[in-house]
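Text of the file target.txt, holding compact mmCIF, C-alpha atoms and all ligand atoms:
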# COMPACT_ATOMS: atom_id res chain seq x y z
CA MET W 30 48.63 55.18 119.83
CA LEU W 31 49.99 58.32 121.43
CA ALA W 32 53.44 56.73 121.71
CA ASP W 33 53.62 56.61 117.88
CA VAL W 34 53.36 60.40 117.57
CA ILE W 35 55.03 61.60 120.78
CA ASP W 36 58.16 62.68 118.86
CA CYS W 37 56.05 65.12 116.81
CA LEU W 38 54.33 66.69 119.83
CA ALA W 39 55.41 69.68 121.93
CA CYS W 40 54.40 71.02 125.33
CA PRO W 41 51.63 73.64 124.97
CA HIS W 42 53.10 75.65 127.88
CA CYS W 43 56.81 75.80 127.12
CA GLY W 44 57.27 74.20 123.67
CA GLU W 45 59.63 71.49 125.01
CA ASN W 46 59.68 67.94 123.71
CA LEU W 47 57.34 65.44 125.36
CA SER W 48 57.68 61.87 126.58
CA ILE W 49 55.24 59.27 127.91
CA SER W 50 55.48 57.33 131.14
CA ALA W 51 52.56 55.13 132.21
CA SER W 52 49.41 57.20 131.61
CA THR W 53 51.09 60.61 131.70
CA VAL W 54 52.67 62.81 129.04
CA ARG W 55 55.44 65.07 130.39
CA CYS W 56 57.89 67.71 129.21
CA ALA W 57 61.43 68.24 130.50
CA THR W 58 60.35 71.42 132.32
CA GLY W 59 57.88 69.46 134.44
CA HIS W 60 54.48 70.10 132.85
CA SER W 61 52.37 66.96 132.79
CA PHE W 62 49.18 65.87 131.08
CA ASP W 63 47.01 62.87 131.90
CA ILE W 64 46.10 60.47 129.15
CA ALA W 65 42.33 59.96 129.24
CA ARG W 66 40.93 56.49 129.70
CA GLN W 67 39.71 56.67 126.10
CA GLY W 68 43.28 57.12 124.83
CA TYR W 69 43.60 60.82 123.98
CA VAL W 70 45.59 63.54 125.74
CA SER W 71 44.58 67.16 126.17
CA LEU W 72 47.37 69.57 125.18
CA LEU W 73 45.01 72.56 125.26
CA PRO W 74 46.36 75.72 126.85
CA GLY W 75 44.72 76.34 130.23
CA ASP W 76 42.62 79.27 129.01
CA ALA W 77 41.30 77.57 125.84
CA HIS W 78 37.79 78.40 124.60
CA THR W 79 36.09 75.19 123.56
CA GLY W 80 32.79 76.70 122.40
CA THR W 81 33.24 75.64 118.77
CA ALA W 82 33.81 71.98 119.66
CA ASP W 83 31.46 69.44 118.11
CA THR W 84 29.01 68.16 120.73
CA THR W 85 28.46 64.50 121.50
CA ALA W 86 25.29 64.50 119.34
CA MET W 87 27.11 66.10 116.39
CA VAL W 88 29.94 63.57 116.61
CA ALA W 89 27.51 60.63 116.81
CA ALA W 90 25.63 61.95 113.75
CA ARG W 91 28.90 62.39 111.83
CA GLU W 92 29.97 58.86 112.67
CA THR W 93 26.63 57.42 111.48
CA PHE W 94 26.69 59.43 108.26
CA LEU W 95 30.31 58.59 107.41
CA ALA W 96 29.81 54.91 108.23
CA ALA W 97 27.14 54.74 105.52
CA GLY W 98 29.89 55.48 102.98
CA HIS W 99 28.47 58.67 101.46
CA TYR W 100 31.80 60.47 101.75
CA ALA W 101 33.95 57.46 100.80
CA GLU W 102 34.88 59.14 97.53
CA ILE W 103 36.13 62.18 99.41
CA SER W 104 38.29 60.05 101.70
CA ARG W 105 39.63 58.18 98.66
CA ALA W 106 40.50 61.48 96.98
CA VAL W 107 42.24 62.74 100.14
CA ALA W 108 44.22 59.49 100.45
CA ASP W 109 45.14 59.56 96.72
CA ALA W 110 46.24 63.20 96.92
CA THR W 111 48.31 62.64 100.08
CA GLU W 112 49.95 59.47 98.79
CA ARG W 113 50.90 61.17 95.52
CA ALA W 114 52.16 64.32 97.23
CA LEU W 115 54.39 62.38 99.65
CA VAL W 116 56.00 60.01 97.13
CA ASP W 117 59.45 61.62 97.47
CA ALA W 118 58.93 63.32 100.82
CA GLY W 119 61.20 62.85 103.83
CA PRO W 120 60.11 61.60 107.25
CA GLY W 121 57.39 63.26 109.28
CA CYS W 122 53.98 62.55 110.72
CA VAL W 123 50.59 63.36 109.24
CA ILE W 124 48.31 65.66 111.25
CA ASP W 125 44.57 65.96 110.69
CA VAL W 126 43.46 69.33 112.08
CA GLY W 127 39.81 69.39 113.19
CA SER W 128 39.97 65.64 112.66
CA GLY W 129 36.50 64.83 113.96
CA THR W 130 36.21 61.05 114.24
CA GLY W 131 39.51 60.44 112.39
CA TYR W 132 37.75 59.07 109.31
CA TYR W 133 40.02 60.79 106.75
CA LEU W 134 43.24 60.34 108.72
CA ALA W 135 42.58 56.59 109.03
CA ALA W 136 42.08 56.37 105.25
CA VAL W 137 45.40 58.17 104.66
CA LEU W 138 47.30 55.96 107.13
CA GLU W 139 45.90 52.83 105.46
CA ARG W 140 47.77 53.96 102.33
CA LEU W 141 50.93 54.99 104.14
CA PRO W 142 51.78 52.17 106.56
CA GLU W 143 55.16 53.73 107.41
CA ARG W 144 53.59 57.01 108.63
CA VAL W 145 51.88 57.85 111.91
CA GLY W 146 49.12 60.40 112.42
CA ILE W 147 47.98 63.00 114.95
CA ALA W 148 44.22 63.53 115.17
CA LEU W 149 43.87 67.06 116.58
CA ASP W 150 40.48 68.41 117.57
CA ILE W 151 39.00 70.59 120.28
CA SER W 152 36.11 68.17 120.89
CA LYS W 153 36.77 65.37 123.38
CA TYR W 154 33.80 63.48 121.94
CA ALA W 155 35.45 63.49 118.51
CA LEU W 156 38.80 62.43 120.02
CA ARG W 157 37.32 59.43 121.80
CA ARG W 158 36.43 58.09 118.36
CA ALA W 159 39.58 59.27 116.61
CA ALA W 160 41.78 57.50 119.18
CA ARG W 161 40.26 54.20 118.01
CA ALA W 162 40.04 54.96 114.28
CA HIS W 163 43.47 53.49 113.37
CA PRO W 164 46.30 51.83 115.35
CA HIS W 165 48.81 54.52 114.26
CA ILE W 166 46.70 57.51 115.33
CA GLY W 167 47.57 59.52 118.44
CA ALA W 168 44.59 61.69 119.44
CA VAL W 169 45.29 65.14 120.92
CA ALA W 170 43.01 67.92 122.13
CA GLY W 171 44.27 71.21 120.74
CA ASP W 172 42.99 74.55 119.46
CA VAL W 173 43.71 75.42 115.84
CA TRP W 174 43.67 79.13 116.70
CA ARG W 175 46.54 78.83 119.17
CA ARG W 176 50.12 77.59 118.81
CA LEU W 177 49.65 73.93 117.91
CA PRO W 178 51.24 71.47 120.39
CA VAL W 179 53.42 70.17 117.57
CA ARG W 180 57.18 70.44 116.92
CA THR W 181 58.34 72.87 114.28
CA GLY W 182 59.10 71.14 110.96
CA SER W 183 58.01 67.68 112.17
CA VAL W 184 55.01 67.19 109.88
CA ALA W 185 55.00 65.70 106.36
CA ALA W 186 51.32 66.40 105.68
CA VAL W 187 48.64 68.57 107.28
CA LEU W 188 45.08 67.47 106.44
CA ASP W 189 42.25 69.96 106.85
CA VAL W 190 38.83 68.55 105.94
CA PHE W 191 35.85 70.90 106.43
CA ALA W 192 37.72 72.33 109.42
CA PRO W 193 39.16 75.67 110.57
CA ARG W 194 42.59 76.65 109.18
CA ASN W 195 45.55 78.47 110.69
CA ALA W 196 47.96 79.07 107.80
CA ALA W 197 50.83 80.42 109.91
CA GLU W 198 50.80 77.43 112.24
CA PHE W 199 50.43 74.96 109.37
CA ARG W 200 53.51 76.47 107.80
CA ARG W 201 55.47 76.32 111.04
CA VAL W 202 54.80 72.63 111.72
CA LEU W 203 55.39 71.47 108.14
CA ALA W 204 58.77 70.10 107.06
CA PRO W 205 60.30 72.07 104.15
CA ASP W 206 58.97 69.52 101.63
CA GLY W 207 55.69 69.00 103.51
CA VAL W 208 52.22 69.40 102.02
CA LEU W 209 48.90 70.85 103.12
CA ILE W 210 45.76 69.06 101.85
CA VAL W 211 42.55 71.08 102.19
CA VAL W 212 38.99 69.90 101.49
CA ILE W 213 36.33 72.56 101.05
CA PRO W 214 32.72 72.29 99.90
CA ASP W 215 31.34 74.53 97.16
CA ARG W 216 27.85 75.95 96.66
CA ASN W 217 26.56 72.75 95.02
CA HIS W 218 27.53 70.54 97.94
CA LEU W 219 24.35 69.12 99.56
CA ALA W 220 22.61 71.97 97.74
CA ARG W 221 19.04 70.65 97.81
CA LEU W 222 19.24 70.02 101.52
CA VAL W 223 20.48 73.51 102.16
CA GLU W 224 17.59 75.01 100.15
CA THR W 225 14.69 72.86 101.26
CA LEU W 226 15.66 72.65 104.91
CA ASP W 227 16.75 76.27 105.17
CA LEU W 228 20.15 75.32 106.57
CA LEU W 229 23.15 77.53 106.96
CA ASP W 230 24.40 77.95 103.43
CA VAL W 231 27.85 76.83 102.40
CA ASP W 232 29.72 80.09 102.49
CA VAL W 233 30.11 80.97 98.82
CA GLY W 234 33.12 83.12 99.66
CA LYS W 235 34.90 80.11 101.12
CA GLU W 236 37.10 79.33 98.15
CA ALA W 237 38.16 82.94 97.72
CA ARG W 238 38.87 83.24 101.43
CA LEU W 239 40.95 80.07 101.38
CA ALA W 240 43.01 81.50 98.53
CA THR W 241 43.55 84.73 100.47
CA GLN W 242 44.45 82.89 103.68
CA LEU W 243 47.03 80.75 101.94
CA ALA W 244 48.31 83.29 99.39
CA GLN W 245 51.17 84.23 101.64
CA GLY W 246 53.36 81.30 102.41
CA PHE W 247 51.71 78.59 100.32
CA GLU W 248 51.42 77.73 96.65
CA ARG W 249 48.78 75.41 95.23
CA VAL W 250 50.39 72.48 93.45
CA ALA W 251 47.37 70.27 92.62
CA VAL W 252 43.60 70.35 92.73
CA TYR W 253 41.04 67.54 92.46
CA ARG W 254 37.24 67.73 92.27
CA VAL W 255 34.90 65.22 93.85
CA GLU W 256 31.40 65.47 92.40
CA GLY W 257 28.42 63.20 91.97
CA PRO W 258 24.86 62.38 92.93
CA LEU W 259 24.05 61.45 96.50
CA GLU W 260 20.88 59.63 97.57
CA LEU W 261 19.98 59.80 101.23
CA THR W 262 17.30 58.25 103.42
CA HIS W 263 15.37 60.51 105.78
CA ALA W 264 17.48 59.25 108.68
CA GLU W 265 20.67 60.09 106.76
CA VAL W 266 19.39 63.59 105.98
CA ASP W 267 18.73 64.01 109.72
CA ALA W 268 22.31 62.90 110.40
CA ALA W 269 23.72 65.29 107.77
CA VAL W 270 21.88 68.18 109.44
CA ALA W 271 22.85 67.09 112.95
CA MET W 272 26.57 66.86 112.13
CA GLY W 273 26.82 70.23 110.36
CA PRO W 274 27.06 73.86 111.36
CA SER W 275 23.27 74.20 111.45
CA ALA W 276 23.06 71.78 114.35
CA HIS W 277 23.82 74.68 116.71
CA HIS W 278 20.95 76.76 115.30
CA VAL W 279 18.00 74.63 114.21
CA ASP W 280 15.25 72.93 116.18
CA PRO W 281 15.45 69.17 115.51
CA ALA W 282 11.64 68.79 115.72
CA ASP W 283 11.22 71.42 113.02
CA ILE W 284 13.79 69.67 110.80
CA ASP W 285 12.09 66.29 111.32
CA VAL W 286 8.82 67.70 109.97
CA ARG W 287 10.53 69.18 106.89
CA VAL W 288 12.58 66.05 106.20
CA ALA W 289 9.49 63.81 106.48
CA ALA W 290 7.83 65.89 103.73
CA LEU W 291 10.65 65.15 101.23
CA ALA W 292 10.38 62.25 98.77
CA GLU W 293 12.66 59.38 99.80
CA PRO W 294 15.41 58.84 98.78
CA VAL W 295 16.35 62.49 98.95
CA ARG W 296 18.50 63.34 95.93
CA THR W 297 21.33 65.81 96.38
CA ARG W 298 24.96 66.22 95.28
CA LEU W 299 28.49 65.79 96.50
CA SER W 300 30.64 68.72 95.38
CA VAL W 301 33.97 69.47 97.01
CA THR W 302 37.50 70.49 96.09
CA VAL W 303 40.61 68.72 97.38
CA ALA W 304 43.53 71.14 97.03
CA VAL W 305 47.21 70.43 97.68
CA TYR W 306 49.58 73.20 98.80
CA LYS W 307 53.31 73.40 99.43
CA SER W 308 55.16 76.02 101.40
CA ALA W 309 56.31 78.77 99.05
CA ARG W 310 60.02 79.36 99.16
C1 LIG C 1 32.87 70.14 110.27
S1 LIG C 1 33.78 69.20 111.47
C2 LIG C 1 34.89 68.26 110.42
C3 LIG C 1 35.42 67.03 111.08
C4 LIG C 1 36.25 66.09 110.19
N1 LIG C 1 37.37 66.77 109.56
C5 LIG C 1 35.37 65.49 109.14
O1 LIG C 1 35.26 66.06 108.05
O2 LIG C 1 34.74 64.44 109.41
C6 LIG C 1 34.86 70.43 112.19
C7 LIG C 1 35.70 69.89 113.34
O3 LIG C 1 36.53 70.96 113.80
C8 LIG C 1 36.57 70.91 115.22
N2 LIG C 1 36.94 72.26 115.72
C9 LIG C 1 36.14 73.34 115.83
N3 LIG C 1 36.83 74.38 116.33
C10 LIG C 1 38.11 73.94 116.53
C11 LIG C 1 39.29 74.55 117.04
N4 LIG C 1 39.30 75.83 117.44
N5 LIG C 1 40.41 73.80 117.12
C12 LIG C 1 40.42 72.50 116.73
N6 LIG C 1 39.32 71.87 116.24
C13 LIG C 1 38.18 72.58 116.14
C14 LIG C 1 35.19 70.44 115.62
O4 LIG C 1 35.15 69.89 116.94
C15 LIG C 1 34.89 69.41 114.52
O5 LIG C 1 35.31 68.10 114.89
ZN ZN C 2 56.37 72.26 129.29

How does the structure come out when it is put into structure tokens?
Ligand SMILES: C[S@@+](CC[C@H](N)C(=O)[O-])C[C@H]1O[C@@H](n2cnc3c(N)ncnc32)[C@H](O)[C@@H]1O
Ligand SMILES: [Zn+2]
Amino acid sequence: MLADVIDCLACPHCGENLSISASTVRCATGHSFDIARQGYVSLLPGDAHTGTADTTAMVAARETFLAAGHYAEISRAVADATERALVDAGPGCVIDVGSGTGYYLAAVLERLPERVGIALDISKYALRRAARAHPHIGAVAGDVWRRLPVRTGSVAAVLDVFAPRNAAEFRRVLAPDGVLIVVIPDRNHLARLVETLDLLDVDVGKEARLATQLAQGFERVAVYRVEGPLELTHAEVDAAVAMGPSAHHVDPADIDVRVAALAEPVRTRLSVTVAVYKSAR
């Protein structure tokens, strides 16, 4: 619930602390934000650009795909890494940036019953799901490229799973002993699908770019690999395409024809890195 995380949130207009009364979130200066019927609050700045938000179809596809358990090993690895990294850490919430449906944040909170979590995304369709993903999640609309509506130093762990990253803001919101957990795919991830369906390739420069982005201000303290075979039905391949970056660019009818021509189950691979960073002193 939003009340669980209100002490970690900050007004997007003036940076003041926030409080909740009835179905409104307010700051001391007088800015107020309505809590949506579905349980999330928008703390987006007034001039936010929401063009990169996942659409309702993308979110529905992601939910279907994740519910089938194909990324369960990734969520286990994220929960393991977070639990281990926070063993001796002080108080603070967990924030999942670009949280989507809240699948990974819910897995982390299952392990850490004393922590609460902010699901932050720019897609209201994603937040409607995230608000229900776990009782200790507060779902917030925000833009990763702007000042996050989060109090400085109030966060024990930032999760970033296949989502955009803002290193300077992650550093600002983290407590001094806080951790950043990043999941990125490599070139083998879903490789056969990418080749045969002519999807947008996983950016092979991603890992190098992540290192550059985080070189100043963060040091990597642990890294885990999640790899293995993945067998998908045609419907699951459709969902994987519909939830990914190609969904904005490909014609679903064209994809259907290509998917139908593949032998079922479609065999591909899971191949991602879970990396843990701490703020460099
Ligand atoms: C590839 S999805 C990953 C979702 C989730 N982490 C998962 O793995 O299931 C990327 C997410 O980032 C969100 N997003 C895109 N641009 C954003 C922005 N500027 N600020 C916050 N979230 C953004 C999208 O709406 C989407 O939910
Ligand atoms: Zn304010």

Residues within 9 Å of ligand LIG 1 (chain C), counting only C-alpha atoms and all ligand atoms, as a count of residues only = 48

Atomic distance atom CA of W:Ala106 - atom CA of W:Glu260, expressed in Å with one decimal | 19.7 Å

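Considering only C-alpha atoms and all ligand atoms, the residue among W:Cys43, W:Leu38, W:Ala65, W:Ala32 positioned nearest to ligand ZN 2 (chain C) is W:Cys43.
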
Name the residues in contact with stretch 290-295 of chain W at a cut-off of 8 Å, using only C-alpha atoms, excluding same-chain residues fewer than 3 positions from it; report them as number ranges by chain.
-> W: 260-263, 266, 286-287

To check your reading of the model: which residues sit at most 7 Å from ligand ZN 2 (chain C) when counting all atoms listed in the file? Write the answer as a CSV table (one decimal) with C-alpha atoms, in the coordinates of the input.
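Now in out30.csv:
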chain,number,residue,atom,x,y,z
W,40,CYS,CA,54.4,71.0,125.3
W,41,PRO,CA,51.6,73.6,125.0
W,42,HIS,CA,53.1,75.6,127.9
W,43,CYS,CA,56.8,75.8,127.1
W,44,GLY,CA,57.3,74.2,123.7
W,45,GLU,CA,59.6,71.5,125.0
W,56,CYS,CA,57.9,67.7,129.2
W,57,ALA,CA,61.4,68.2,130.5
W,58,THR,CA,60.4,71.4,132.3
W,59,GLY,CA,57.9,69.5,134.4
W,60,HIS,CA,54.5,70.1,132.8

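When all atoms listed in the file are used to measure the gap to W:Ala168, the shortest distance among W:Ser52, W:Ser71, W:Gly182, W:Glu248 belongs to W:Ser71.
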
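Checking W:Asn217, W:Thr225, W:Gln245, W:Ser275 one by one against W:Gly257, counting only C-alpha atoms, you find the shortest gap at W:Asn217.
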
Non-local contacts of W:Thr53 (10 Å; only C-alpha atoms; under 4 positions in same chain excluded) as a ChimeraX atom specification | /W:48-49,61-65,70

Grab the atom CA of W:Asp33 to atom CA of W:Arg144 distance for me, in Å with one decimal place.
-> 9.3 Å

Atom pair atom CA of W:Gln67 + atom CA of W:Ala86, distance 17.7 Å

Point out the residue among W:His99, W:Lys307, W:Arg157, W:Arg66 with the least atom-to-atom distance to W:Val208, counting all atoms listed in the file.
-> W:Lys307
